[in-house]
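For reference, model_12.cif is printed below; it contains mmCIF, C-alpha atoms and all ligand atoms.
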data_input
#
loop_
_atom_site.label_atom_id
_atom_site.label_comp_id
_atom_site.auth_asym_id
_atom_site.auth_seq_id
_atom_site.Cartn_x
_atom_site.Cartn_y
_atom_site.Cartn_z
CA ARG D 27 116.67 105.05 -12.14
CA ASN D 28 116.46 106.07 -15.75
CA ASP D 29 118.70 109.06 -15.46
CA LEU D 30 120.45 109.52 -12.15
CA MET D 31 120.03 113.09 -11.00
CA THR D 32 122.98 114.00 -8.81
CA GLU D 33 122.93 116.77 -6.26
CA THR D 34 124.78 119.05 -8.66
CA ASN D 35 122.88 118.06 -11.75
CA PRO D 36 119.18 118.82 -11.29
CA ASN D 37 118.48 117.89 -14.90
CA TYR D 38 116.24 115.16 -16.18
CA GLU D 39 116.13 113.61 -19.62
CA PHE D 40 112.80 112.47 -20.97
CA ALA D 41 111.83 111.67 -24.54
CA GLY D 42 115.15 113.06 -25.67
CA GLU D 43 114.65 116.43 -24.00
CA ARG D 44 116.30 117.91 -20.94
CA TYR D 45 114.26 119.41 -18.10
CA THR D 46 114.98 121.15 -14.85
CA LEU D 47 112.88 122.18 -11.90
CA LYS D 48 111.92 125.47 -13.52
CA ASP D 49 109.74 123.45 -15.91
CA LEU D 50 107.43 122.48 -13.06
CA ARG D 51 104.41 124.68 -12.33
CA ASP D 52 104.70 126.34 -8.96
CA VAL D 53 101.55 126.04 -6.85
CA PRO D 54 101.18 128.94 -4.36
CA ARG D 55 100.90 127.36 -0.93
CA GLU D 56 98.14 129.76 0.10
CA HIS D 57 95.88 128.39 -2.68
CA LEU D 58 96.13 124.92 -1.21
CA ARG D 59 94.06 123.50 1.64
CA LEU D 60 94.84 120.01 3.01
CA THR D 61 91.64 118.37 4.19
CA ARG D 62 92.42 114.81 5.29
CA ALA D 63 95.21 112.26 5.39
CA LEU D 64 95.05 109.53 2.71
CA GLY D 65 97.87 107.45 4.12
CA GLN D 66 101.61 107.14 4.48
CA GLY D 67 103.61 107.55 1.29
CA ALA D 68 107.25 106.69 0.77
CA PHE D 69 108.52 110.08 1.83
CA GLY D 70 105.79 111.39 4.12
CA GLU D 71 102.05 111.61 4.64
CA VAL D 72 99.80 111.95 1.60
CA TYR D 73 96.80 114.21 1.94
CA GLU D 74 93.61 114.94 0.12
CA GLY D 75 93.24 118.65 -0.44
CA LEU D 76 91.56 121.47 -2.33
CA TYR D 77 93.34 123.77 -4.75
CA LYS D 78 92.04 127.15 -5.82
CA MET D 79 93.25 127.38 -9.42
CA ARG D 80 92.75 131.13 -9.73
CA PRO D 81 92.60 133.36 -6.61
CA GLY D 82 89.13 134.70 -7.37
CA ASP D 83 87.71 131.25 -8.08
CA ALA D 84 84.85 130.03 -5.94
CA VAL D 85 85.36 126.43 -7.05
CA GLU D 86 88.27 124.45 -5.63
CA MET D 87 89.80 121.42 -7.35
CA PRO D 88 90.22 118.21 -5.34
CA VAL D 89 93.88 117.19 -5.28
CA ALA D 90 96.23 114.68 -3.67
CA VAL D 91 99.31 116.14 -1.99
CA LYS D 92 102.50 114.17 -1.38
CA THR D 93 104.57 115.76 1.35
CA LEU D 94 108.29 115.62 2.09
CA PRO D 95 109.01 116.03 5.83
CA GLU D 96 111.26 118.89 6.91
CA LEU D 97 113.87 116.50 8.30
CA SER D 98 114.78 114.76 5.04
CA THR D 99 118.11 113.69 3.66
CA LEU D 100 119.50 115.32 0.52
CA GLN D 101 118.89 112.03 -1.26
CA ALA D 102 115.23 112.09 -0.24
CA GLU D 103 114.97 115.71 -1.43
CA ASN D 104 116.49 114.64 -4.73
CA ASP D 105 114.24 111.62 -5.13
CA PHE D 106 111.20 113.76 -4.31
CA MET D 107 112.17 116.34 -6.93
CA LEU D 108 113.01 113.67 -9.50
CA GLU D 109 109.64 112.04 -8.99
CA ALA D 110 107.95 115.40 -9.63
CA LEU D 111 110.09 115.96 -12.75
CA ILE D 112 109.23 112.48 -14.02
CA MET D 113 105.50 112.88 -13.51
CA GLY D 114 105.58 116.39 -14.92
CA LYS D 115 106.84 115.12 -18.26
CA PHE D 116 104.14 112.56 -18.86
CA ASN D 117 101.00 113.47 -20.74
CA HIS D 118 98.67 110.49 -21.08
CA PRO D 119 95.12 109.65 -19.93
CA ASN D 120 96.37 106.53 -18.11
CA ILE D 121 99.14 108.26 -16.17
CA VAL D 122 98.39 110.43 -13.14
CA HIS D 123 98.55 114.15 -13.90
CA LEU D 124 100.98 116.35 -11.98
CA ILE D 125 99.33 119.69 -11.16
CA GLY D 126 102.39 121.32 -9.68
CA VAL D 127 104.81 121.58 -6.79
CA CYS D 128 105.43 123.72 -3.72
CA PHE D 129 109.20 123.63 -3.42
CA ASP D 130 109.74 127.18 -2.09
CA LYS D 131 110.12 125.95 1.50
CA HIS D 132 109.49 123.01 3.81
CA PRO D 133 107.38 120.96 3.90
CA ARG D 134 107.68 120.46 0.16
CA TYR D 135 104.55 119.35 -1.71
CA ILE D 136 103.86 117.46 -4.92
CA VAL D 137 100.30 118.22 -6.03
CA LEU D 138 98.58 115.53 -8.09
CA GLU D 139 95.14 115.03 -9.56
CA LEU D 140 92.96 113.25 -7.02
CA LEU D 141 91.79 109.83 -8.22
CA SER D 142 88.90 109.26 -5.86
CA GLY D 143 88.49 105.56 -6.64
CA GLY D 144 91.56 104.82 -4.57
CA ASP D 145 94.19 102.21 -5.45
CA LEU D 146 93.51 99.21 -7.69
CA LYS D 147 94.53 96.53 -5.18
CA THR D 148 92.10 97.81 -2.52
CA PHE D 149 89.35 98.17 -5.13
CA LEU D 150 89.79 94.56 -6.27
CA ARG D 151 89.72 93.21 -2.72
CA GLU D 152 86.59 95.22 -1.92
CA SER D 153 84.95 93.86 -5.10
CA ARG D 154 85.28 90.18 -4.22
CA PRO D 155 82.01 88.25 -4.41
CA ARG D 156 80.47 87.55 -1.01
CA ASN D 157 77.46 85.40 -0.10
CA ASP D 158 75.36 88.49 0.45
CA ARG D 159 76.54 90.13 -2.73
CA PRO D 160 77.80 88.52 -5.93
CA SER D 161 80.74 90.51 -7.22
CA ALA D 162 79.82 93.98 -8.45
CA LEU D 163 82.35 93.40 -11.22
CA ASN D 164 82.29 91.17 -14.29
CA MET D 165 85.09 89.87 -16.51
CA LYS D 166 84.75 92.86 -18.84
CA ASP D 167 85.32 95.27 -15.94
CA LEU D 168 88.51 93.44 -15.01
CA LEU D 169 89.78 93.34 -18.59
CA MET D 170 89.07 97.05 -19.06
CA CYS D 171 91.22 97.80 -16.00
CA CYS D 172 94.02 95.73 -17.53
CA VAL D 173 93.65 97.55 -20.86
CA ASP D 174 93.97 100.95 -19.13
CA VAL D 175 97.19 99.97 -17.39
CA ALA D 176 98.60 98.45 -20.60
CA LYS D 177 97.89 101.73 -22.44
CA GLY D 178 99.83 103.64 -19.79
CA CYS D 179 102.67 101.13 -20.00
CA LYS D 180 102.70 101.39 -23.81
CA TYR D 181 103.15 105.16 -23.52
CA LEU D 182 106.07 104.65 -21.11
CA GLU D 183 107.56 102.02 -23.45
CA GLU D 184 107.27 104.40 -26.43
CA ASN D 185 109.12 107.04 -24.40
CA ARG D 186 111.76 104.52 -23.32
CA PHE D 187 110.84 105.01 -19.67
CA ILE D 188 111.26 101.99 -17.41
CA HIS D 189 108.85 102.12 -14.49
CA ARG D 190 110.35 99.25 -12.43
CA ASP D 191 107.36 98.95 -10.15
CA ILE D 192 104.23 98.16 -12.15
CA ALA D 193 101.82 96.65 -9.62
CA ALA D 194 98.15 97.02 -8.62
CA ARG D 195 99.17 98.98 -5.49
CA ASN D 196 100.67 101.68 -7.72
CA CYS D 197 97.60 102.17 -9.88
CA LEU D 198 94.59 104.33 -9.02
CA LEU D 199 91.01 104.59 -10.25
CA THR D 200 89.11 107.74 -11.14
CA ALA D 201 86.04 106.15 -9.55
CA LYS D 202 84.78 102.82 -8.20
CA THR D 203 81.68 103.00 -10.40
CA PRO D 204 81.41 101.95 -14.08
CA GLY D 205 83.19 104.31 -16.43
CA ARG D 206 86.19 104.12 -14.10
CA ILE D 207 89.62 104.78 -15.62
CA VAL D 208 92.78 103.23 -14.20
CA LYS D 209 95.99 105.26 -14.14
CA ILE D 210 99.58 104.49 -13.24
CA ALA D 211 100.06 106.82 -10.32
CA ASP D 212 103.28 106.12 -8.48
CA PHE D 213 106.73 106.63 -9.93
CA GLY D 214 109.01 106.55 -6.99
CA MET D 215 109.49 102.83 -6.59
CA ALA D 216 107.94 104.20 -3.48
CA ARG D 217 107.35 101.99 -0.48
CA GLU D 218 103.67 102.77 -0.45
CA VAL D 219 101.10 101.50 2.01
CA TYR D 220 101.95 97.86 1.19
CA MET D 221 105.32 97.78 2.93
CA SER D 222 105.42 93.98 2.96
CA ASP D 223 105.54 93.82 -0.82
CA TYR D 224 109.08 95.11 -0.77
CA TYR D 225 111.82 92.64 0.09
CA ARG D 226 114.60 94.14 2.24
CA LYS D 227 117.56 93.11 0.09
CA GLY D 228 120.75 93.76 2.01
CA GLY D 229 120.62 97.36 3.15
CA LYS D 230 117.67 99.69 3.10
CA ALA D 231 116.96 99.16 -0.59
CA MET D 232 113.71 97.19 -0.77
CA LEU D 233 112.69 95.46 -3.95
CA PRO D 234 109.26 94.21 -5.05
CA ILE D 235 110.67 90.72 -5.72
CA LYS D 236 107.30 89.10 -6.49
CA TRP D 237 106.82 91.51 -9.42
CA MET D 238 110.37 91.20 -10.79
CA PRO D 239 111.85 88.93 -13.49
CA PRO D 240 114.99 86.84 -12.79
CA GLU D 241 117.36 89.12 -14.74
CA ALA D 242 116.26 92.01 -12.53
CA PHE D 243 116.63 90.45 -9.10
CA LEU D 244 119.69 88.39 -10.07
CA ASP D 245 121.66 90.85 -12.19
CA GLY D 246 119.95 94.20 -11.66
CA ILE D 247 119.12 94.37 -15.37
CA PHE D 248 116.07 96.57 -16.01
CA THR D 249 114.58 97.05 -19.46
CA THR D 250 111.09 97.66 -20.79
CA LYS D 251 110.75 93.87 -20.66
CA THR D 252 111.04 94.16 -16.87
CA ASP D 253 107.82 96.15 -16.88
CA VAL D 254 106.23 93.51 -19.13
CA TRP D 255 106.99 90.82 -16.55
CA SER D 256 105.55 93.01 -13.76
CA TYR D 257 102.50 93.71 -15.90
CA GLY D 258 101.94 89.93 -16.16
CA VAL D 259 101.88 89.81 -12.34
CA LEU D 260 99.46 92.76 -12.31
CA LEU D 261 97.20 90.76 -14.67
CA TRP D 262 97.32 87.94 -12.13
CA GLU D 263 96.50 90.39 -9.30
CA VAL D 264 93.48 91.68 -11.24
CA MET D 265 92.16 88.22 -12.20
CA SER D 266 92.57 87.00 -8.61
CA LEU D 267 90.77 90.12 -7.34
CA GLY D 268 93.71 91.43 -5.37
CA TYR D 269 95.47 88.39 -3.95
CA MET D 270 99.08 88.66 -2.90
CA PRO D 271 101.07 86.79 -5.57
CA TYR D 272 102.72 83.53 -4.45
CA THR D 273 100.47 83.73 -1.36
CA GLY D 274 102.27 82.62 1.77
CA CYS D 275 105.59 82.25 -0.07
CA ALA D 276 108.55 84.27 1.24
CA ASN D 277 110.41 86.46 -1.27
CA ARG D 278 113.59 84.40 -1.25
CA ASN D 279 111.59 81.27 -2.02
CA VAL D 280 109.88 83.09 -4.88
CA MET D 281 113.31 83.92 -6.31
CA SER D 282 114.43 80.27 -6.41
CA LEU D 283 111.00 79.11 -7.62
CA VAL D 284 110.99 81.56 -10.54
CA VAL D 285 114.64 80.95 -11.45
CA SER D 286 113.91 77.21 -11.71
CA GLY D 287 110.96 77.89 -14.00
CA GLY D 288 108.12 78.00 -11.47
CA ARG D 289 105.29 80.42 -12.22
CA LEU D 290 102.05 81.68 -10.68
CA GLU D 291 99.11 79.29 -11.17
CA PRO D 292 96.02 80.61 -12.98
CA PRO D 293 93.69 82.29 -10.45
CA PRO D 294 90.34 80.51 -9.94
CA ASN D 295 88.08 81.04 -12.99
CA CYS D 296 90.81 82.77 -14.95
CA PRO D 297 90.01 82.40 -18.68
CA SER D 298 92.72 80.49 -20.54
CA LEU D 299 93.13 83.33 -23.07
CA VAL D 300 94.02 85.70 -20.23
CA TYR D 301 96.35 83.24 -18.49
CA ALA D 302 98.13 82.81 -21.83
CA ILE D 303 98.96 86.54 -21.84
CA MET D 304 100.35 86.29 -18.30
CA THR D 305 102.61 83.35 -19.11
CA SER D 306 103.88 85.10 -22.27
CA CYS D 307 104.92 88.04 -20.03
CA TRP D 308 106.86 85.61 -17.84
CA HIS D 309 109.09 84.15 -20.57
CA PRO D 310 112.57 83.53 -19.10
CA GLU D 311 114.15 85.31 -22.10
CA PRO D 312 113.28 89.06 -21.96
CA PRO D 313 113.28 89.54 -25.77
CA GLN D 314 110.75 86.71 -26.09
CA ARG D 315 108.24 88.62 -23.93
CA PRO D 316 105.59 90.60 -25.85
CA ASP D 317 105.66 94.39 -26.06
CA PHE D 318 102.69 96.38 -24.77
CA ALA D 319 101.25 96.91 -28.24
CA THR D 320 101.02 93.11 -28.59
CA ILE D 321 99.58 92.77 -25.08
CA LEU D 322 96.85 95.29 -26.01
CA GLU D 323 96.03 93.29 -29.17
CA LYS D 324 95.72 90.10 -27.11
CA LEU D 325 93.50 91.85 -24.53
CA ALA D 326 91.30 93.12 -27.37
CA GLY D 327 90.98 89.50 -28.47
CA CYS D 328 89.83 88.51 -24.97
CA LEU D 329 87.25 91.31 -25.00
CA GLN D 330 85.84 89.95 -28.28
CA ASP D 331 85.69 86.35 -27.09
CA PRO D 332 82.17 85.53 -25.77
CA GLU D 333 83.39 82.56 -23.74
CA THR D 334 85.99 84.71 -21.97
CA LEU D 335 83.51 87.49 -21.26
CA ALA D 336 80.95 85.00 -19.93
CA THR D 337 83.38 83.58 -17.36
CA PRO D 338 81.76 84.28 -13.97
CA LEU D 339 83.62 85.73 -11.01
CA LYS D 340 81.85 83.26 -8.80
CA PRO D 341 82.66 83.00 -5.08
CA MET D 342 85.92 81.24 -4.58
CA ILE D 343 86.82 78.59 -2.06
CA GLY D 344 90.44 78.64 -1.20
CA LEU D 345 93.34 79.74 0.91
CA THR D 346 93.42 83.44 1.40
CA GLU D 347 95.92 85.56 3.25
CA SER D 348 93.78 85.24 6.35
CA GLY D 349 93.44 81.46 6.13
CA LEU D 350 90.94 79.07 4.56
CA GLN D 351 87.79 80.88 3.59
CA ILE D 352 84.54 79.65 2.08
CA ARG D 353 82.65 82.40 0.29
C1 LIG D 401 100.34 109.39 -3.78
C2 LIG D 401 98.95 108.82 -3.76
O1 LIG D 401 98.19 109.52 -4.75
C3 LIG D 401 96.80 109.47 -4.72
C4 LIG D 401 96.08 108.71 -3.81
C5 LIG D 401 94.68 108.71 -3.87
C6 LIG D 401 93.87 107.92 -2.91
C7 LIG D 401 94.45 106.86 -2.22
C8 LIG D 401 93.67 106.11 -1.32
C9 LIG D 401 92.31 106.42 -1.12
C10 LIG D 401 91.77 107.49 -1.82
S1 LIG D 401 90.12 107.88 -1.61
C11 LIG D 401 89.94 109.55 -1.53
O2 LIG D 401 89.44 107.39 -2.77
O3 LIG D 401 89.68 107.29 -0.36
C12 LIG D 401 92.53 108.24 -2.72
C13 LIG D 401 94.04 109.46 -4.87
N1 LIG D 401 94.75 110.17 -5.75
C14 LIG D 401 96.09 110.19 -5.71
N2 LIG D 401 96.79 110.90 -6.64
C15 LIG D 401 99.01 107.33 -4.11
C16 LIG D 401 99.27 106.97 -5.43
C17 LIG D 401 99.34 105.61 -5.74
F1 LIG D 401 99.64 105.23 -6.97
C18 LIG D 401 99.15 104.62 -4.78
C19 LIG D 401 98.85 104.99 -3.47
C20 LIG D 401 98.82 106.33 -3.13
N3 LIG D 401 98.57 106.64 -1.80
N4 LIG D 401 99.43 107.28 -0.97
C21 LIG D 401 98.82 107.29 0.26
C22 LIG D 401 97.62 106.61 0.18
N5 LIG D 401 97.46 106.18 -1.11
#
Could you take the file, read its structure, and then write that structure out as structure tokens?
Amino acid sequence: RNDLMTETNPNYEFAGERYTLKDLRDVPREHLRLTRALGQGAFGEVYEGLYKMRPGDAVEMPVAVKTLPELSTLQAENDFMLEALIMGKFNHPNIVHLIGVCFDKHPRYIVLELLSGGDLKTFLRESRPRNDRPSALNMKDLLMCCVDVAKGCKYLEENRFIHRDIAARNCLLTAKTPGRIVKIADFGMAREVYMSDYYRKGGKAMLPIKWMPPEAFLDGIFTTKTDVWSYGVLLWEVMSLGYMPYTGCANRNVMSLVVSGGRLEPPPNCPSLVYAIMTSCWHPEPPQRPDFATILEKLAGCLQDPETLATPLKPMIGLTESGLQIR
């Protein structure tokens, strides 16, 4: 983590300032109503809910609520609090907004803005072209999603925050319809709904190997250039409309493949300008990888290139996770 918070030291450094729990807005539990379960988070169930901002208000704000079960270890309590502290310090349109916390008693809650478009990976998979329906998305839609995530990453980079888990599963959309905004929405290196993405390395620590550069999974070195590598894999996820990277390849084989110079192939119909950004993010030497400002410039170039924009997301024929499929 960026700044290990020990049991006795509930402080957190961000952007050169020091914060403690008292900096987090306390949400009165009685103003919160959990309506339905959204799925299993790393710590506990995540719910959709409604939050009455001011007691007299008629209107209630839709929220997402991360819960920490009563029977949690001190480490889990710490991680939960640290995640809230981390999210509470960010202020950017492409990073999920923390509304507040309920830490007065168990079960503890982290209250987030609800992004009702759901996660990016699911959205991409749902948007794949089918015989009955050509894809609802075009190349511009995909590139705009990538731009949003890159803007969020640039903010983190500017604040010297290393995310360590940039991936489509950890990004959410404000809506599925045009005008959608994508936000980075998970900061816990959390083992979200896609458990299989995390490789059980030794003990319980699970690492998203397929999104990590060699220096990270070999030597545990994490820098902002780690996030750049992961962002390159996220680009690949977006352009493939939500495929699992290195489909069918086990994590340990990915490690040896990548160390010996192997890389992800361009997804079907991926414009060469976009694939060039991906491969630049996967340079073996971290300093040689672009920063997010450069990535944004290159994406802007793609968005101004007619040939790139005209590339169709036509039905693909190929091996998918569920076997050979003709679409
Ligand atoms: C913690 C949770 O946060 C949220 C989930 C959804 C959300 C997630 C899925 C579906 C829908 S919905 C209402 O559009 O069906 C909304 C909407 N807003 C959130 N703030 C989350 C953040 C992520 F970055 C990735 C996955 C999840 N989870 N956790 C459990 C399930 N997803």
Open item on the list: For a quick check of understanding, using all atoms listed in the file, which of D:Glu263, D:Glu109, D:Asp253, D:Glu43 has the smallest distance to D:Val137?
Closed with: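 Checking each candidate against D:Val137, we get D:Glu109 as the closest.
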Chain D near ligand LIG 401 (chain D) within 9 Å: what's each residue's closest atom pair and its distance in Å to one decimal, counting all atoms listed in the file, ordered by chain then ascending residue number, as a Markdown table?
| residue | atom | partner | partner_atom | distance |
| --- | --- | --- | --- | --- |
| D:Arg62 | CA | D:LIG401 | C11 | 9.0 |
| D:Ala63 | CA | D:LIG401 | C21 | 8.0 |
| D:Leu64 | CA | D:LIG401 | C22 | 4.6 |
| D:Gly65 | CA | D:LIG401 | C21 | 4.0 |
| D:Gln66 | CA | D:LIG401 | C21 | 5.1 |
| D:Gly67 | CA | D:LIG401 | N4 | 4.8 |
| D:Ala68 | CA | D:LIG401 | N4 | 8.0 |
| D:Gly70 | CA | D:LIG401 | C21 | 9.0 |
| D:Glu71 | CA | D:LIG401 | C21 | 6.9 |
| D:Val72 | CA | D:LIG401 | C21 | 4.9 |
| D:Tyr73 | CA | D:LIG401 | C21 | 7.4 |
| D:Glu74 | CA | D:LIG401 | C11 | 6.7 |
| D:Val89 | CA | D:LIG401 | N2 | 7.1 |
| D:Ala90 | CA | D:LIG401 | N2 | 4.8 |
| D:Val91 | CA | D:LIG401 | C1 | 7.1 |
| D:Lys92 | CA | D:LIG401 | C1 | 5.8 |
| D:Val122 | CA | D:LIG401 | N2 | 6.7 |
| D:His123 | CA | D:LIG401 | N2 | 8.1 |
| D:Leu124 | CA | D:LIG401 | N2 | 8.7 |
| D:Ile136 | CA | D:LIG401 | C1 | 8.9 |
| D:Val137 | CA | D:LIG401 | N2 | 8.1 |
| D:Leu138 | CA | D:LIG401 | N2 | 5.2 |
| D:Glu139 | CA | D:LIG401 | N2 | 5.3 |
| D:Leu140 | CA | D:LIG401 | N1 | 3.8 |
| D:Leu141 | CA | D:LIG401 | N1 | 3.9 |
| D:Ser142 | CA | D:LIG401 | O2 | 3.7 |
| D:Gly143 | CA | D:LIG401 | O2 | 4.4 |
| D:Gly144 | CA | D:LIG401 | O2 | 3.8 |
| D:Asp145 | CA | D:LIG401 | C18 | 5.6 |
| D:Leu146 | CA | D:LIG401 | C18 | 8.3 |
| D:Thr148 | CA | D:LIG401 | C8 | 8.5 |
| D:Ala194 | CA | D:LIG401 | F1 | 8.5 |
| D:Arg195 | CA | D:LIG401 | C18 | 5.7 |
| D:Asn196 | CA | D:LIG401 | F1 | 3.8 |
| D:Cys197 | CA | D:LIG401 | F1 | 4.7 |
| D:Leu198 | CA | D:LIG401 | F1 | 5.5 |
| D:Leu199 | CA | D:LIG401 | C13 | 7.9 |
| D:Thr200 | CA | D:LIG401 | C13 | 8.2 |
| D:Ala201 | CA | D:LIG401 | O2 | 7.7 |
| D:Lys202 | CA | D:LIG401 | O2 | 8.5 |
| D:Lys209 | CA | D:LIG401 | F1 | 8.0 |
| D:Ile210 | CA | D:LIG401 | F1 | 6.3 |
| D:Ala211 | CA | D:LIG401 | F1 | 3.7 |
| D:Asp212 | CA | D:LIG401 | F1 | 4.0 |
| D:Phe213 | CA | D:LIG401 | F1 | 7.8 |
| D:Ala216 | CA | D:LIG401 | C18 | 8.9 |
| D:Glu218 | CA | D:LIG401 | C19 | 6.1 |
| D:Val219 | CA | D:LIG401 | C22 | 6.4 |
Go ahead and dump the residues you just picked, C-alpha atoms, as a PDB file, in the coordinates of the input.
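Output contents, as saved in selection_28.pdb:
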ATOM      1  CA  ARG D  62      92.420 114.810   5.290  1.00  0.00           C
ATOM      2  CA  ALA D  63      95.210 112.260   5.390  1.00  0.00           C
ATOM      3  CA  LEU D  64      95.050 109.530   2.710  1.00  0.00           C
ATOM      4  CA  GLY D  65      97.870 107.450   4.120  1.00  0.00           C
ATOM      5  CA  GLN D  66     101.610 107.140   4.480  1.00  0.00           C
ATOM      6  CA  GLY D  67     103.610 107.550   1.290  1.00  0.00           C
ATOM      7  CA  ALA D  68     107.250 106.690   0.770  1.00  0.00           C
ATOM      8  CA  GLY D  70     105.790 111.390   4.120  1.00  0.00           C
ATOM      9  CA  GLU D  71     102.050 111.610   4.640  1.00  0.00           C
ATOM     10  CA  VAL D  72      99.800 111.950   1.600  1.00  0.00           C
ATOM     11  CA  TYR D  73      96.800 114.210   1.940  1.00  0.00           C
ATOM     12  CA  GLU D  74      93.610 114.940   0.120  1.00  0.00           C
ATOM     13  CA  VAL D  89      93.880 117.190  -5.280  1.00  0.00           C
ATOM     14  CA  ALA D  90      96.230 114.680  -3.670  1.00  0.00           C
ATOM     15  CA  VAL D  91      99.310 116.140  -1.990  1.00  0.00           C
ATOM     16  CA  LYS D  92     102.500 114.170  -1.380  1.00  0.00           C
ATOM     17  CA  VAL D 122      98.390 110.430 -13.140  1.00  0.00           C
ATOM     18  CA  HIS D 123      98.550 114.150 -13.900  1.00  0.00           C
ATOM     19  CA  LEU D 124     100.980 116.350 -11.980  1.00  0.00           C
ATOM     20  CA  ILE D 136     103.860 117.460  -4.920  1.00  0.00           C
ATOM     21  CA  VAL D 137     100.300 118.220  -6.030  1.00  0.00           C
ATOM     22  CA  LEU D 138      98.580 115.530  -8.090  1.00  0.00           C
ATOM     23  CA  GLU D 139      95.140 115.030  -9.560  1.00  0.00           C
ATOM     24  CA  LEU D 140      92.960 113.250  -7.020  1.00  0.00           C
ATOM     25  CA  LEU D 141      91.790 109.830  -8.220  1.00  0.00           C
ATOM     26  CA  SER D 142      88.900 109.260  -5.860  1.00  0.00           C
ATOM     27  CA  GLY D 143      88.490 105.560  -6.640  1.00  0.00           C
ATOM     28  CA  GLY D 144      91.560 104.820  -4.570  1.00  0.00           C
ATOM     29  CA  ASP D 145      94.190 102.210  -5.450  1.00  0.00           C
ATOM     30  CA  LEU D 146      93.510  99.210  -7.690  1.00  0.00           C
ATOM     31  CA  THR D 148      92.100  97.810  -2.520  1.00  0.00           C
ATOM     32  CA  ALA D 194      98.150  97.020  -8.620  1.00  0.00           C
ATOM     33  CA  ARG D 195      99.170  98.980  -5.490  1.00  0.00           C
ATOM     34  CA  ASN D 196     100.670 101.680  -7.720  1.00  0.00           C
ATOM     35  CA  CYS D 197      97.600 102.170  -9.880  1.00  0.00           C
ATOM     36  CA  LEU D 198      94.590 104.330  -9.020  1.00  0.00           C
ATOM     37  CA  LEU D 199      91.010 104.590 -10.250  1.00  0.00           C
ATOM     38  CA  THR D 200      89.110 107.740 -11.140  1.00  0.00           C
ATOM     39  CA  ALA D 201      86.040 106.150  -9.550  1.00  0.00           C
ATOM     40  CA  LYS D 202      84.780 102.820  -8.200  1.00  0.00           C
ATOM     41  CA  LYS D 209      95.990 105.260 -14.140  1.00  0.00           C
ATOM     42  CA  ILE D 210      99.580 104.490 -13.240  1.00  0.00           C
ATOM     43  CA  ALA D 211     100.060 106.820 -10.320  1.00  0.00           C
ATOM     44  CA  ASP D 212     103.280 106.120  -8.480  1.00  0.00           C
ATOM     45  CA  PHE D 213     106.730 106.630  -9.930  1.00  0.00           C
ATOM     46  CA  ALA D 216     107.940 104.200  -3.480  1.00  0.00           C
ATOM     47  CA  GLU D 218     103.670 102.770  -0.450  1.00  0.00           C
ATOM     48  CA  VAL D 219     101.100 101.500   2.010  1.00  0.00           C
TER      49      VAL D 219
END
Task: Near-D:Trp237 list (10 Å; all atoms listed in the file; drop same-chain fewer than 4 positions) as a PyMOL selection string - done: chain D and resi 190-193+223-224+233+242-243+252-260+271
- [ ] For D:Leu94, work out the shell of residues within 8 Å, counting all atoms listed in the file and skipping chain neighbours fewer than 2 positions away, then give it as a count of residues only.
- [x] 12
Task: Separation of atom CA of D:Lys166 from atom CA of D:Ile321 in Å - done: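 Those two atoms sit 16.1 Å apart.
Straight-line separation from atom CA of D:Phe40 to atom CA of D:Lys115: 7.1 Å.
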Report as a tab-separated table: every residue of stretch 298-317 of chain D with an atom at most 12 Å from stretch 169-184 of chain D, its closest pair of atoms, and their distance in Å to one decimal, counting only C-alpha atoms, with rows sorted by chain and ascending residue number.
residue	atom	partner	partner_atom	distance
D:Leu299	CA	D:Leu169	CA	11.5
D:Val300	CA	D:Leu169	CA	8.9
D:Ile303	CA	D:Cys172	CA	11.3
D:Met304	CA	D:Cys172	CA	11.4
D:Pro316	CA	D:Lys180	CA	11.4
D:Asp317	CA	D:Lys180	CA	7.9
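Minimum distance to D:Arg289 across D:Cys328, D:Ile112, D:Cys128, D:His309 (counting all atoms listed in the file) occurs at D:His309.
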Open item on the list: Please report the interatomic distance between atom CA of D:Ile188 and atom CA of D:Ile207 in Å with one decimal.
Closed with: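 Here the two named atoms are 21.9 Å from each other.
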Task: Selection: 12 Å around D:Gly288, only C-alpha atoms, excl. self and same-chain fewer than 2 positions, as a ChimeraX atom specification - done: /D:239-240,272,279-286,290-291,305,308-310
- [ ] Return the single residue from D:Leu267, D:Ile247, D:Met113, D:Cys307 that is closest to D:Ser153, with distances computed using all atoms listed in the file.
- [x] D:Leu267
Task: Which residue of D:Pro293, D:Gly268, D:Gly205, D:Pro81 approaches D:Glu56 most closely, using only C-alpha atoms - done: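 That would be D:Pro81, the residue with the smallest distance to D:Glu56.
Look at D:Met107: the protein and nucleic acid residues within 9 Å of it, using all atoms listed in the file and passing over chain neighbours fewer than 3 places away, are D:Pro36, D:Leu47, D:Ala102, D:Glu103, D:Asn104, D:Ala110, D:Leu111, D:Ile112, D:Phe129, D:Ile136.
Between D:Asp167 and the residues D:Arg206, D:Lys131, D:Arg59, D:Lys324, the shortest atom-to-atom distance, using only C-alpha atoms, involves D:Arg206.
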Open item on the list: My list of candidates is D:Tyr38, D:Leu261, D:Pro155, D:Lys147. Which is closest to D:Gly114 when distances are computed with all atoms listed in the file?
Closed with: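 Nearest candidate to D:Gly114 out of D:Tyr38, D:Leu261, D:Pro155, D:Lys147: D:Tyr38.
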